[in-house]
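Colleague: Got a structure for you, target16.csv, holding CSV, C-alpha atoms.
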chain,number,residue,atom,x,y,z
A,17,MET,CA,-0.2,8.6,26.2
A,18,GLN,CA,-2.5,8.6,23.2
A,19,GLN,CA,-6.1,9.5,22.7
A,20,VAL,CA,-8.4,6.9,21.1
A,21,VAL,CA,-12.1,6.7,20.1
A,22,THR,CA,-13.4,3.5,21.7
A,23,THR,CA,-16.5,1.7,20.4
A,24,ARG,CA,-18.8,-0.2,22.7
A,25,PRO,CA,-22.1,-2.0,22.0
A,26,GLY,CA,-25.0,0.3,21.1
A,27,GLY,CA,-25.5,3.3,18.8
A,28,PRO,CA,-23.2,6.1,17.9
A,29,GLU,CA,-23.6,7.6,21.4
A,30,VAL,CA,-21.4,4.9,22.8
A,31,LEU,CA,-18.3,6.2,21.1
A,32,GLU,CA,-16.0,7.6,23.7
A,33,VAL,CA,-12.7,9.5,23.6
A,34,GLN,CA,-10.2,8.1,26.1
A,35,ASP,CA,-6.6,8.4,27.1
A,36,ALA,CA,-4.8,5.1,26.5
A,37,PRO,CA,-1.2,4.2,27.3
A,38,LEU,CA,1.2,3.7,24.4
A,39,VAL,CA,3.8,1.0,24.8
A,40,ARG,CA,6.4,1.6,22.1
A,41,ASP,CA,7.0,-1.3,19.7
A,42,PRO,CA,10.6,-1.1,18.5
A,43,ALA,CA,9.8,-2.9,15.3
A,44,LYS,CA,7.1,-0.4,14.2
A,45,VAL,CA,7.0,3.1,13.0
A,46,LEU,CA,5.3,5.7,15.3
A,47,ILE,CA,2.8,8.0,13.4
A,48,ASP,CA,0.9,11.0,14.5
A,49,VAL,CA,-2.5,10.6,12.9
A,50,ILE,CA,-3.8,13.6,10.9
A,51,ALA,CA,-7.0,12.1,9.4
A,52,ALA,CA,-8.8,8.8,9.6
A,53,GLY,CA,-11.6,7.5,7.5
A,54,LEU,CA,-15.1,6.6,8.7
A,55,GLY,CA,-17.1,4.2,6.5
A,56,THR,CA,-19.5,1.3,6.2
A,57,ALA,CA,-17.1,-1.1,7.9
A,58,ASP,CA,-16.9,1.2,11.0
A,59,SER,CA,-20.7,1.6,11.0
A,60,GLU,CA,-21.2,-2.2,10.8
A,61,MET,CA,-18.6,-2.8,13.5
A,62,ALA,CA,-20.3,-0.3,15.8
A,63,ALA,CA,-23.6,-2.1,15.3
A,64,GLY,CA,-21.9,-5.5,15.9
A,65,GLN,CA,-22.8,-6.6,12.4
A,66,PHE,CA,-19.4,-6.7,10.6
A,67,TYR,CA,-18.5,-10.0,8.9
A,68,SER,CA,-15.3,-10.2,11.0
A,69,GLN,CA,-16.7,-8.5,14.0
A,70,PRO,CA,-14.1,-7.5,16.7
A,71,LYS,CA,-14.9,-7.9,20.4
A,72,PHE,CA,-16.1,-4.8,22.2
A,73,PRO,CA,-14.6,-2.4,23.2
A,74,PHE,CA,-12.3,-1.7,20.3
A,75,VAL,CA,-10.8,1.2,18.4
A,76,SER,CA,-12.3,1.4,14.9
A,77,GLY,CA,-10.9,3.1,11.8
A,78,TYR,CA,-10.1,1.4,8.5
A,79,ASP,CA,-7.5,3.8,7.1
A,80,LEU,CA,-5.4,6.9,8.0
A,81,VAL,CA,-3.0,9.6,6.9
A,82,GLY,CA,-0.4,10.8,9.3
A,83,ARG,CA,3.2,11.9,9.8
A,84,VAL,CA,6.1,9.8,11.0
A,85,THR,CA,7.4,10.9,14.4
A,86,GLU,CA,9.7,7.9,15.2
A,87,THR,CA,11.0,5.5,12.6
A,88,VAL,CA,12.8,2.1,12.5
A,89,PRO,CA,15.4,0.5,10.1
A,90,GLY,CA,13.8,0.3,6.7
A,91,GLY,CA,11.0,2.7,7.6
A,92,PRO,CA,10.3,6.2,6.2
A,93,ALA,CA,12.2,9.2,7.6
A,94,VAL,CA,10.8,11.2,10.5
A,95,GLY,CA,8.5,13.9,9.2
A,96,THR,CA,7.4,11.8,6.2
A,97,LEU,CA,3.7,12.0,5.3
A,98,VAL,CA,2.3,8.4,5.0
A,99,ALA,CA,-1.0,6.6,4.4
A,100,ALA,CA,-2.1,3.2,5.6
A,101,MET,CA,-5.0,0.8,5.7
A,102,PRO,CA,-4.7,-1.1,9.0
A,103,ARG,CA,-8.5,-1.9,8.8
A,104,ARG,CA,-8.9,-1.2,12.6
A,105,GLY,CA,-7.3,1.1,15.1
A,106,SER,CA,-7.0,4.3,13.0
A,107,TRP,CA,-9.2,6.3,15.3
A,108,ALA,CA,-6.3,7.3,17.5
A,109,SER,CA,-4.0,10.3,17.9
A,110,GLN,CA,-1.0,7.9,17.4
A,111,VAL,CA,-0.6,4.5,15.8
A,112,GLN,CA,2.3,2.1,15.4
A,113,LEU,CA,2.6,0.2,12.1
A,114,ALA,CA,5.1,-1.9,10.3
A,115,PRO,CA,7.1,-0.1,7.6
A,116,SER,CA,5.7,-2.5,4.9
A,117,ALA,CA,2.1,-1.2,5.8
A,118,LEU,CA,3.0,2.4,4.9
A,119,VAL,CA,2.6,4.3,1.6
A,120,THR,CA,4.8,7.4,1.3
A,121,LEU,CA,2.9,10.5,0.1
A,122,PRO,CA,4.1,13.7,-1.5
A,123,ASP,CA,4.3,16.5,1.1
A,124,ASP,CA,2.1,18.8,-0.9
A,125,VAL,CA,-1.1,16.6,-0.9
A,126,ASP,CA,-4.1,17.4,1.3
A,127,PRO,CA,-4.1,14.8,4.1
A,128,ILE,CA,-7.9,15.0,4.5
A,129,ALA,CA,-8.5,14.5,0.7
A,130,VAL,CA,-6.1,11.6,0.6
A,131,ALA,CA,-7.8,10.0,3.7
A,132,GLY,CA,-11.0,10.0,1.6
A,133,LEU,CA,-9.3,8.1,-1.2
A,134,ILE,CA,-7.5,5.3,0.6
A,135,THR,CA,-10.0,2.5,1.1
A,136,ASN,CA,-12.6,3.9,-1.4
A,137,GLY,CA,-10.1,4.7,-4.0
A,138,VAL,CA,-8.1,1.5,-3.9
A,139,THR,CA,-11.4,-0.5,-3.9
A,140,ALA,CA,-12.7,1.3,-7.0
A,141,TRP,CA,-9.4,1.2,-8.8
A,142,ARG,CA,-8.9,-2.5,-8.3
A,143,MET,CA,-12.5,-3.4,-9.3
A,144,ALA,CA,-12.4,-1.2,-12.4
A,145,HIS,CA,-8.9,-2.0,-13.7
A,146,GLN,CA,-8.0,-5.4,-12.2
A,147,VAL,CA,-11.4,-7.2,-11.9
A,148,ALA,CA,-13.7,-5.8,-14.5
A,149,HIS,CA,-11.1,-4.4,-16.9
A,150,VAL,CA,-13.2,-1.4,-17.9
A,151,LYS,CA,-12.3,-0.1,-21.3
A,152,ALA,CA,-13.4,2.4,-23.9
A,153,GLY,CA,-16.7,1.7,-25.8
A,154,GLN,CA,-18.3,-0.3,-23.0
A,155,THR,CA,-21.5,0.6,-21.2
A,156,VAL,CA,-20.9,0.6,-17.4
A,157,LEU,CA,-23.7,0.6,-14.8
A,158,VAL,CA,-22.6,1.9,-11.4
A,159,HIS,CA,-25.2,1.5,-8.6
A,160,GLY,CA,-24.9,4.0,-5.8
A,161,ALA,CA,-22.9,6.3,-8.1
A,162,SER,CA,-23.1,9.2,-5.6
A,163,GLY,CA,-21.6,7.2,-2.8
A,164,GLY,CA,-18.0,7.0,-1.7
A,165,VAL,CA,-16.9,4.2,-3.9
A,166,GLY,CA,-19.5,4.9,-6.6
A,167,GLN,CA,-18.2,8.4,-7.4
A,168,LEU,CA,-14.7,7.0,-7.9
A,169,LEU,CA,-15.9,4.1,-10.0
A,170,THR,CA,-17.8,6.5,-12.2
A,171,GLN,CA,-14.8,8.8,-12.6
A,172,ILE,CA,-12.5,5.8,-13.5
A,173,ALA,CA,-15.0,4.5,-16.0
A,174,VAL,CA,-15.4,7.9,-17.6
A,175,GLN,CA,-11.6,8.3,-17.8
A,176,ALA,CA,-11.4,4.9,-19.5
A,177,GLY,CA,-13.8,6.1,-22.3
A,178,ALA,CA,-16.8,4.0,-21.2
A,179,SER,CA,-20.4,5.2,-21.4
A,180,VAL,CA,-21.5,5.3,-17.7
A,181,VAL,CA,-24.9,5.1,-16.2
A,182,GLY,CA,-25.1,5.8,-12.5
A,183,THR,CA,-28.0,5.3,-10.0
A,184,SER,CA,-28.6,7.4,-6.9
A,185,SER,CA,-31.3,9.0,-4.8
A,186,ALA,CA,-33.2,11.8,-6.5
A,187,ALA,CA,-31.4,14.3,-4.3
A,188,ASN,CA,-28.0,13.3,-5.7
A,189,LEU,CA,-28.7,12.9,-9.4
A,190,ASP,CA,-26.8,16.2,-10.1
A,191,VAL,CA,-23.8,14.8,-8.3
A,192,VAL,CA,-23.7,11.8,-10.7
A,193,ARG,CA,-24.3,14.0,-13.8
A,194,LYS,CA,-21.4,16.3,-12.9
A,195,LEU,CA,-19.1,13.2,-13.0
A,196,GLY,CA,-20.0,12.6,-16.6
A,197,ALA,CA,-22.6,9.9,-16.3
A,198,THR,CA,-26.2,9.5,-17.1
A,199,ALA,CA,-28.0,9.6,-13.8
A,200,LEU,CA,-31.0,7.5,-12.9
A,201,ASP,CA,-33.2,7.5,-9.7
A,202,TYR,CA,-32.7,4.1,-8.1
A,203,ARG,CA,-36.3,4.2,-6.8
A,204,GLN,CA,-37.5,3.9,-10.4
A,205,PRO,CA,-37.1,0.8,-12.6
A,206,VAL,CA,-33.6,0.7,-14.0
A,207,ASP,CA,-33.8,-1.0,-17.4
A,208,VAL,CA,-30.2,-0.6,-18.5
A,209,HIS,CA,-28.2,-3.5,-20.1
A,210,ALA,CA,-24.4,-3.1,-19.5
A,211,ASP,CA,-21.1,-4.7,-20.2
A,212,VAL,CA,-19.9,-4.0,-16.6
A,213,ILE,CA,-22.1,-3.6,-13.6
A,214,PHE,CA,-20.9,-2.7,-10.1
A,215,ASP,CA,-23.4,-3.7,-7.4
A,216,HIS,CA,-23.0,-2.8,-3.7
A,217,ILE,CA,-26.6,-3.7,-2.8
A,218,GLY,CA,-26.7,-7.5,-2.8
A,219,GLY,CA,-29.8,-9.5,-2.0
A,220,THR,CA,-32.3,-9.9,-4.8
A,221,HIS,CA,-31.0,-6.7,-6.4
A,222,LEU,CA,-27.9,-8.6,-7.4
A,223,VAL,CA,-30.1,-11.0,-9.3
A,224,ASP,CA,-31.5,-8.1,-11.2
A,225,SER,CA,-28.0,-6.8,-12.0
A,226,TYR,CA,-27.1,-10.2,-13.4
A,227,ARG,CA,-30.2,-10.1,-15.7
A,228,HIS,CA,-29.1,-6.8,-17.0
A,229,LEU,CA,-25.6,-7.9,-17.9
A,230,ASN,CA,-24.7,-8.2,-21.5
A,231,ARG,CA,-23.2,-11.3,-23.1
A,232,GLY,CA,-19.6,-11.6,-22.0
A,233,GLY,CA,-20.0,-8.9,-19.4
A,234,THR,CA,-18.8,-8.7,-15.8
A,235,LEU,CA,-20.8,-8.2,-12.7
A,236,VAL,CA,-18.8,-7.1,-9.6
A,237,SER,CA,-20.5,-7.4,-6.2
A,238,TYR,CA,-18.8,-5.5,-3.4
A,239,GLY,CA,-21.3,-4.9,-0.6
A,240,ASN,CA,-24.6,-5.8,0.9
A,241,ALA,CA,-26.5,-2.6,1.6
A,242,SER,CA,-29.8,-4.3,1.3
A,243,THR,CA,-29.4,-5.9,4.7
A,244,ALA,CA,-27.8,-2.9,6.4
A,245,ASP,CA,-30.7,-2.6,8.9
A,246,LYS,CA,-31.2,-6.3,9.6
A,247,PRO,CA,-29.9,-7.4,13.0
A,248,ASN,CA,-27.5,-10.3,13.5
A,249,LYS,CA,-26.8,-10.7,9.8
A,250,GLY,CA,-23.1,-11.8,10.2
A,251,LEU,CA,-21.7,-13.6,7.3
A,252,LEU,CA,-25.0,-15.0,6.0
A,253,PRO,CA,-25.8,-12.3,3.3
A,254,TYR,CA,-22.3,-12.7,1.9
A,255,LEU,CA,-22.6,-16.5,1.8
A,256,VAL,CA,-25.8,-16.0,-0.1
A,257,ILE,CA,-24.0,-13.7,-2.6
A,258,LEU,CA,-21.1,-16.2,-2.8
A,259,GLY,CA,-23.6,-19.0,-3.5
A,260,ARG,CA,-25.2,-17.2,-6.3
A,261,ILE,CA,-21.8,-16.3,-7.8
A,262,VAL,CA,-20.7,-20.0,-7.6
A,263,LEU,CA,-23.8,-21.1,-9.5
A,264,TRP,CA,-23.4,-18.3,-12.1
A,265,GLU,CA,-19.8,-19.2,-12.6
A,266,ALA,CA,-20.6,-22.9,-12.9
A,267,SER,CA,-23.1,-22.0,-15.5
A,268,ARG,CA,-20.5,-20.1,-17.4
A,269,PHE,CA,-18.0,-22.9,-17.1
A,270,VAL,CA,-20.3,-25.4,-18.8
A,271,GLY,CA,-21.1,-23.0,-21.6
A,272,LEU,CA,-24.3,-21.4,-20.3
A,273,GLY,CA,-24.9,-18.0,-18.9
A,274,LYS,CA,-23.9,-16.2,-22.1
A,275,GLY,CA,-20.3,-16.0,-21.0
A,276,ARG,CA,-21.1,-13.5,-18.2
A,277,ARG,CA,-18.5,-13.3,-15.4
A,278,THR,CA,-19.4,-12.6,-11.7
A,279,ARG,CA,-17.0,-11.6,-8.9
A,280,LEU,CA,-17.3,-10.9,-5.2
A,281,PHE,CA,-14.7,-8.3,-4.2
A,282,ASN,CA,-13.3,-7.3,-0.8
A,283,VAL,CA,-10.4,-4.9,-0.5
A,284,ALA,CA,-7.2,-5.7,1.4
A,285,PRO,CA,-3.8,-4.0,1.8
A,286,ASN,CA,-1.8,-6.5,-0.2
A,287,ASP,CA,1.6,-6.0,-1.9
A,288,ARG,CA,-0.1,-3.9,-4.6
A,289,PHE,CA,-1.6,-1.5,-2.1
A,290,ALA,CA,1.1,1.2,-2.4
A,291,ALA,CA,1.1,1.1,-6.2
A,292,ASP,CA,-2.7,1.2,-6.4
A,293,LEU,CA,-3.0,4.1,-4.0
A,294,THR,CA,-0.3,6.0,-5.8
A,295,ALA,CA,-2.2,5.4,-9.1
A,296,VAL,CA,-5.4,6.7,-7.6
A,297,ILE,CA,-3.7,9.9,-6.5
A,298,ALA,CA,-1.9,10.3,-9.9
A,299,ALA,CA,-5.2,9.8,-11.8
A,300,GLY,CA,-6.5,13.0,-10.2
A,301,LEU,CA,-9.6,11.2,-8.7
A,302,THR,CA,-11.5,13.2,-6.2
A,303,ILE,CA,-14.3,12.7,-3.7
A,304,PRO,CA,-16.0,15.2,-1.4
A,305,THR,CA,-14.9,14.8,2.2
A,306,THR,CA,-16.7,15.9,5.3
A,307,ALA,CA,-14.3,16.3,8.2
A,308,TYR,CA,-15.2,16.0,11.9
A,309,ASP,CA,-12.9,16.5,14.9
A,310,TYR,CA,-12.4,13.1,16.5
A,311,ARG,CA,-14.1,14.4,19.6
A,312,ASP,CA,-17.3,14.6,17.5
A,313,ALA,CA,-17.0,11.0,16.3
A,314,ALA,CA,-20.5,10.2,17.6
A,315,THR,CA,-22.0,13.0,15.5
A,316,ALA,CA,-19.9,11.8,12.5
A,317,LEU,CA,-21.2,8.2,12.8
A,318,THR,CA,-24.8,9.4,13.3
A,319,ASP,CA,-24.6,11.6,10.2
A,320,PHE,CA,-23.0,8.8,8.2
A,321,THR,CA,-25.5,6.2,9.1
A,322,ALA,CA,-28.4,8.6,8.4
A,323,HIS,CA,-27.0,9.0,4.8
A,324,LYS,CA,-26.4,12.8,5.3
A,325,ILE,CA,-22.9,12.6,3.8
A,326,VAL,CA,-22.2,12.7,0.1
A,327,GLY,CA,-18.7,11.3,-0.4
A,328,LYS,CA,-16.4,10.3,2.5
A,329,THR,CA,-16.5,11.0,6.2
A,330,VAL,CA,-13.2,11.7,7.9
A,331,LEU,CA,-12.1,12.2,11.5
A,332,THR,CA,-9.3,14.7,12.1
A,333,PHE,CA,-6.8,14.6,15.0
Written as C-alpha cells, how would this file's structure read?

Modeller:
Amino acid sequence: MQQVVTTRPGGPEVLEVQDAPLVRDPAKVLIDVIAAGLGTADSEMAAGQFYSQPKFPFVSGYDLVGRVTETVPGGPAVGTLVAAMPRRGSWASQVQLAPSALVTLPDDVDPIAVAGLITNGVTAWRMAHQVAHVKAGQTVLVHGASGGVGQLLTQIAVQAGASVVGTSSAANLDVVRKLGATALDYRQPVDVHADVIFDHIGGTHLVDSYRHLNRGGTLVSYGNASTADKPNKGLLPYLVILGRIVLWEASRFVGLGKGRRTRLFNVAPNDRFAADLTAVIAAGLTIPTTAYDYRDAATALTDFTAHKIVGKTVLTF
C-alpha cells in the first residue's frame, strides 16, 4: 500500500491524501520517494488548464528524488539515491519507474535541494546552453529572474560571463541582485536591448521581447504566465506563441528580421536528461526550496499559486 496525493476538479482544497494499492511491475524499479517538486505544471493541472490535461482524479508531480527499495536487471542497486522526471505521479510515497528513467545521484547530496533542480535546472540548462548558446560578452535579459527557472538562468548566464539583466517584482529585486544581475522592476518599462532574452510570460509581452532583441540575437519562449488566470485556455495561448514564432522565423529565412532567432521550448526527459541534470548539479547551481510535508499539499499549492514562494516548492514524504 502506498500513500498518494490525488487531485480533483477545484481549488487546492480538493487535494486529498489517500491509501492506494501498489501492484508490483516486475519490469520497473520500486522507489521510496523522499521529495517531489510542485510547480506551474501541477498548478495548471489542478485547475484543469494544462496543455496536456490529464483526466480527474489523478496523481500530480512532475519530478522526484527517492531511494531504490527493489530493483530489476539493469537497474540501480537497492539503496541508491535517484532522481527522475516522470511528469506525473510523483506525489506518492512509492513510485515504479523504468531503469532508463532514473538518474543516479551521489549519496551526499541533499535530496530536497536536488528536487528543486530537476525540472527547473534541466529547463534552464538546456535553454541557456543548447538553445540560446549563451556566451561571454553577451547581454542577457531574463524575465522573472527571481522565479524557479529564472534564478537558474541568471546563474548560468553569469557563470558564462554574460552581462545579465533580470526583471522581478519590487519585493524580489534583491534576490536578483545577489545572483549577479542588474535588477529591474517588471512593473516599470523595461527598455533593455539584449543578445539573448528568456520570456516565460507570452502574450503581447513576447512581442515586446522580440522588439528588444539585438541583431542576430535569440529569443526563447518557455511559458505563458500572462494567461495563467484565464479559464479554459488549453493549447490556444501556445498556438498563438507558435504562430508568432513561425512568422518571425519565416522573416529570418527570407533575409528579414535582422537575423534574430526565436524558439519555443518545453522540457522533456530525453536521452540527455541524465547528463544535463548531472551537469546542473556539478555546476553548483542553487535555488531556494520551501518544503512541505505531503499531507500539507493543499497549503503548498495555495502558497505557490499566491506567489508566496521564492524559488521551488517541494513536497516531502

Colleague: Could you name the residues that touch Ile172 (chain A) at 12 Å or less, counting all atoms listed in the file, but leaving out those on the same chain fewer than 6 positions away, as a ChimeraX atom specification?

Modeller: /A:137-145,148-152,156,158,161,165-166,178-180,195-197,295-297,299-302

Colleague: Would you write out those residues with C-alpha atoms, as a PDB file, in the coordinates of the input?

Modeller:
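Result saved to again.pdb:
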ATOM      1  CA  GLY A 137     -10.100   4.700  -4.000  1.00  0.00           C
ATOM      2  CA  VAL A 138      -8.100   1.500  -3.900  1.00  0.00           C
ATOM      3  CA  THR A 139     -11.400  -0.500  -3.900  1.00  0.00           C
ATOM      4  CA  ALA A 140     -12.700   1.300  -7.000  1.00  0.00           C
ATOM      5  CA  TRP A 141      -9.400   1.200  -8.800  1.00  0.00           C
ATOM      6  CA  ARG A 142      -8.900  -2.500  -8.300  1.00  0.00           C
ATOM      7  CA  MET A 143     -12.500  -3.400  -9.300  1.00  0.00           C
ATOM      8  CA  ALA A 144     -12.400  -1.200 -12.400  1.00  0.00           C
ATOM      9  CA  HIS A 145      -8.900  -2.000 -13.700  1.00  0.00           C
ATOM     10  CA  ALA A 148     -13.700  -5.800 -14.500  1.00  0.00           C
ATOM     11  CA  HIS A 149     -11.100  -4.400 -16.900  1.00  0.00           C
ATOM     12  CA  VAL A 150     -13.200  -1.400 -17.900  1.00  0.00           C
ATOM     13  CA  LYS A 151     -12.300  -0.100 -21.300  1.00  0.00           C
ATOM     14  CA  ALA A 152     -13.400   2.400 -23.900  1.00  0.00           C
ATOM     15  CA  VAL A 156     -20.900   0.600 -17.400  1.00  0.00           C
ATOM     16  CA  VAL A 158     -22.600   1.900 -11.400  1.00  0.00           C
ATOM     17  CA  ALA A 161     -22.900   6.300  -8.100  1.00  0.00           C
ATOM     18  CA  VAL A 165     -16.900   4.200  -3.900  1.00  0.00           C
ATOM     19  CA  GLY A 166     -19.500   4.900  -6.600  1.00  0.00           C
ATOM     20  CA  ALA A 178     -16.800   4.000 -21.200  1.00  0.00           C
ATOM     21  CA  SER A 179     -20.400   5.200 -21.400  1.00  0.00           C
ATOM     22  CA  VAL A 180     -21.500   5.300 -17.700  1.00  0.00           C
ATOM     23  CA  LEU A 195     -19.100  13.200 -13.000  1.00  0.00           C
ATOM     24  CA  GLY A 196     -20.000  12.600 -16.600  1.00  0.00           C
ATOM     25  CA  ALA A 197     -22.600   9.900 -16.300  1.00  0.00           C
ATOM     26  CA  ALA A 295      -2.200   5.400  -9.100  1.00  0.00           C
ATOM     27  CA  VAL A 296      -5.400   6.700  -7.600  1.00  0.00           C
ATOM     28  CA  ILE A 297      -3.700   9.900  -6.500  1.00  0.00           C
ATOM     29  CA  ALA A 299      -5.200   9.800 -11.800  1.00  0.00           C
ATOM     30  CA  GLY A 300      -6.500  13.000 -10.200  1.00  0.00           C
ATOM     31  CA  LEU A 301      -9.600  11.200  -8.700  1.00  0.00           C
ATOM     32  CA  THR A 302     -11.500  13.200  -6.200  1.00  0.00           C
TER      33      THR A 302
END

Colleague: Show me, as CSV, the residues of region 127-180 of chain A having an atom within 8 Å of region 74-96 of chain A, each with the closest atom pair and its distance in Å, using all atoms listed in the file.

Modeller:
residue,atom,partner,partner_atom,distance
A:Pro127,CA,A:Val81,CA,6.0
A:Ile128,CA,A:Val81,CA,7.7
A:Val130,CA,A:Val81,CA,7.3
A:Ala131,CA,A:Val81,CA,5.8
A:Ile134,CA,A:Asp79,CA,6.7
A:Thr135,CA,A:Asp79,CA,6.6

Colleague: Could you please determine the separation between CA of Gly53 (chain A) and CA of Leu331 (chain A) in Å, to one decimal place?

Modeller: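 Taking CA of Gly53 (chain A) and CA of Leu331 (chain A), their separation equals 6.2 Å.
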
Colleague: For each of A:Ala316, A:Val223, A:Gln112, A:Val330, take the minimum atom-to-atom distance to Val39 (chain A), counting only C-alpha atoms, then give the residue where this is smallest.

Modeller: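 The shortest atom-to-atom distance to Val39 (chain A) comes from A:Gln112.
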
Colleague: So which one's closest to Ser68 (chain A), A:Lys274, A:Arg103, A:Thr198, A:Gln175? Using all atoms listed in the file, please.

Modeller: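 Of A:Lys274, A:Arg103, A:Thr198, A:Gln175, the one nearest Ser68 (chain A), counting all atoms listed in the file, is A:Arg103.
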
Colleague: How would you write as a list in words the residues that get within 10 Å of (-27.9, 7.4, 19.2) in the file's frame, counting all atoms listed in the file?

Modeller: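 Looking at atoms near the point gives Gly26, Gly27, Pro28, Glu29, Val30, Leu31, Ala314, Thr315, Leu317 and Thr318 of chain A.
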
Colleague: With C-alpha atoms retained, write the just-selected residues as an mmCIF file, in the frame of the given file.

Modeller:
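New file part12.cif:
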data_model
loop_
_atom_site.group_PDB
_atom_site.id
_atom_site.type_symbol
_atom_site.label_atom_id
_atom_site.label_comp_id
_atom_site.auth_asym_id
_atom_site.auth_seq_id
_atom_site.Cartn_x
_atom_site.Cartn_y
_atom_site.Cartn_z
ATOM 1 C CA GLY A 26 -25.000 0.300 21.100
ATOM 2 C CA GLY A 27 -25.500 3.300 18.800
ATOM 3 C CA PRO A 28 -23.200 6.100 17.900
ATOM 4 C CA GLU A 29 -23.600 7.600 21.400
ATOM 5 C CA VAL A 30 -21.400 4.900 22.800
ATOM 6 C CA LEU A 31 -18.300 6.200 21.100
ATOM 7 C CA ALA A 314 -20.500 10.200 17.600
ATOM 8 C CA THR A 315 -22.000 13.000 15.500
ATOM 9 C CA LEU A 317 -21.200 8.200 12.800
ATOM 10 C CA THR A 318 -24.800 9.400 13.300
#

Colleague: Give as a ChimeraX atom specification the set of residues within 12 Å of the point (-18.9, 9.5, 0.5), where distances use the file's coordinates and only C-alpha atoms.

Modeller: /A:53-56,129,131-133,135-137,160-168,188,191,302-307,319-321,323-330

Colleague: How would the residues just picked look written out with C-alpha atoms as a PDB file, keeping the file's coordinate frame?

Modeller:
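And here is the file that came out, selection.pdb:
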ATOM      1  CA  GLY A  53     -11.600   7.500   7.500  1.00  0.00           C
ATOM      2  CA  LEU A  54     -15.100   6.600   8.700  1.00  0.00           C
ATOM      3  CA  GLY A  55     -17.100   4.200   6.500  1.00  0.00           C
ATOM      4  CA  THR A  56     -19.500   1.300   6.200  1.00  0.00           C
ATOM      5  CA  ALA A 129      -8.500  14.500   0.700  1.00  0.00           C
ATOM      6  CA  ALA A 131      -7.800  10.000   3.700  1.00  0.00           C
ATOM      7  CA  GLY A 132     -11.000  10.000   1.600  1.00  0.00           C
ATOM      8  CA  LEU A 133      -9.300   8.100  -1.200  1.00  0.00           C
ATOM      9  CA  THR A 135     -10.000   2.500   1.100  1.00  0.00           C
ATOM     10  CA  ASN A 136     -12.600   3.900  -1.400  1.00  0.00           C
ATOM     11  CA  GLY A 137     -10.100   4.700  -4.000  1.00  0.00           C
ATOM     12  CA  GLY A 160     -24.900   4.000  -5.800  1.00  0.00           C
ATOM     13  CA  ALA A 161     -22.900   6.300  -8.100  1.00  0.00           C
ATOM     14  CA  SER A 162     -23.100   9.200  -5.600  1.00  0.00           C
ATOM     15  CA  GLY A 163     -21.600   7.200  -2.800  1.00  0.00           C
ATOM     16  CA  GLY A 164     -18.000   7.000  -1.700  1.00  0.00           C
ATOM     17  CA  VAL A 165     -16.900   4.200  -3.900  1.00  0.00           C
ATOM     18  CA  GLY A 166     -19.500   4.900  -6.600  1.00  0.00           C
ATOM     19  CA  GLN A 167     -18.200   8.400  -7.400  1.00  0.00           C
ATOM     20  CA  LEU A 168     -14.700   7.000  -7.900  1.00  0.00           C
ATOM     21  CA  ASN A 188     -28.000  13.300  -5.700  1.00  0.00           C
ATOM     22  CA  VAL A 191     -23.800  14.800  -8.300  1.00  0.00           C
ATOM     23  CA  THR A 302     -11.500  13.200  -6.200  1.00  0.00           C
ATOM     24  CA  ILE A 303     -14.300  12.700  -3.700  1.00  0.00           C
ATOM     25  CA  PRO A 304     -16.000  15.200  -1.400  1.00  0.00           C
ATOM     26  CA  THR A 305     -14.900  14.800   2.200  1.00  0.00           C
ATOM     27  CA  THR A 306     -16.700  15.900   5.300  1.00  0.00           C
ATOM     28  CA  ALA A 307     -14.300  16.300   8.200  1.00  0.00           C
ATOM     29  CA  ASP A 319     -24.600  11.600  10.200  1.00  0.00           C
ATOM     30  CA  PHE A 320     -23.000   8.800   8.200  1.00  0.00           C
ATOM     31  CA  THR A 321     -25.500   6.200   9.100  1.00  0.00           C
ATOM     32  CA  HIS A 323     -27.000   9.000   4.800  1.00  0.00           C
ATOM     33  CA  LYS A 324     -26.400  12.800   5.300  1.00  0.00           C
ATOM     34  CA  ILE A 325     -22.900  12.600   3.800  1.00  0.00           C
ATOM     35  CA  VAL A 326     -22.200  12.700   0.100  1.00  0.00           C
ATOM     36  CA  GLY A 327     -18.700  11.300  -0.400  1.00  0.00           C
ATOM     37  CA  LYS A 328     -16.400  10.300   2.500  1.00  0.00           C
ATOM     38  CA  THR A 329     -16.500  11.000   6.200  1.00  0.00           C
ATOM     39  CA  VAL A 330     -13.200  11.700   7.900  1.00  0.00           C
TER      40      VAL A 330
END

Colleague: Could you state the separation of CA of Thr120 (chain A) and CA of Ala176 (chain A) in Å, given to one decimal place?

Modeller: 26.5 Å

Colleague: Find, counting all atoms listed in the file, the residue in A:Tyr254, A:Leu118, A:Asp48, A:Ala57 that gets nearest to Val98 (chain A).

Modeller: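 Closest residue, counting all atoms listed in the file: A:Leu118.
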
Colleague: Of the candidates A:Thr155, A:Gln18, A:Thr243, A:Ser106, which one gets nearest to Phe214 (chain A) if we count only C-alpha atoms?

Modeller: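 With only C-alpha atoms as the atom set, the closest residue is A:Thr155.
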
Colleague: Nearest to Pro253 (chain A) among A:Ala284, A:Ile217, A:Val208, A:Leu272, with distances taken over all atoms listed in the file: which residue is it?

Modeller: A:Ile217

Colleague: Name all residues at most 7 Å from Phe72 (chain A) (count all atoms listed in the file; drop same-chain ones fewer than 2 positions away) and give them as a PyMOL selection string.

Modeller: chain A and resi 23-25+70+74

Colleague: Using only C-alpha atoms, which protein or nucleic acid residues come within 9 Å of region 275-282 of chain A? Drop anything in the same chain fewer than 3 positions from it, and give the result as a list in words.

Modeller: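 Contacts, with the query itself left out: Thr139, Met143, Val147, Ala148, Tyr226, Leu229, Asn230, Arg231, Gly232, Gly233, Thr234, Leu235, Val236, Ser237, Tyr238, Gly239, Tyr254, Ile257, Leu258, Ile261, Val262, Trp264, Glu265, Ser267, Arg268, Phe269, Gly271 and Leu272 of chain A.
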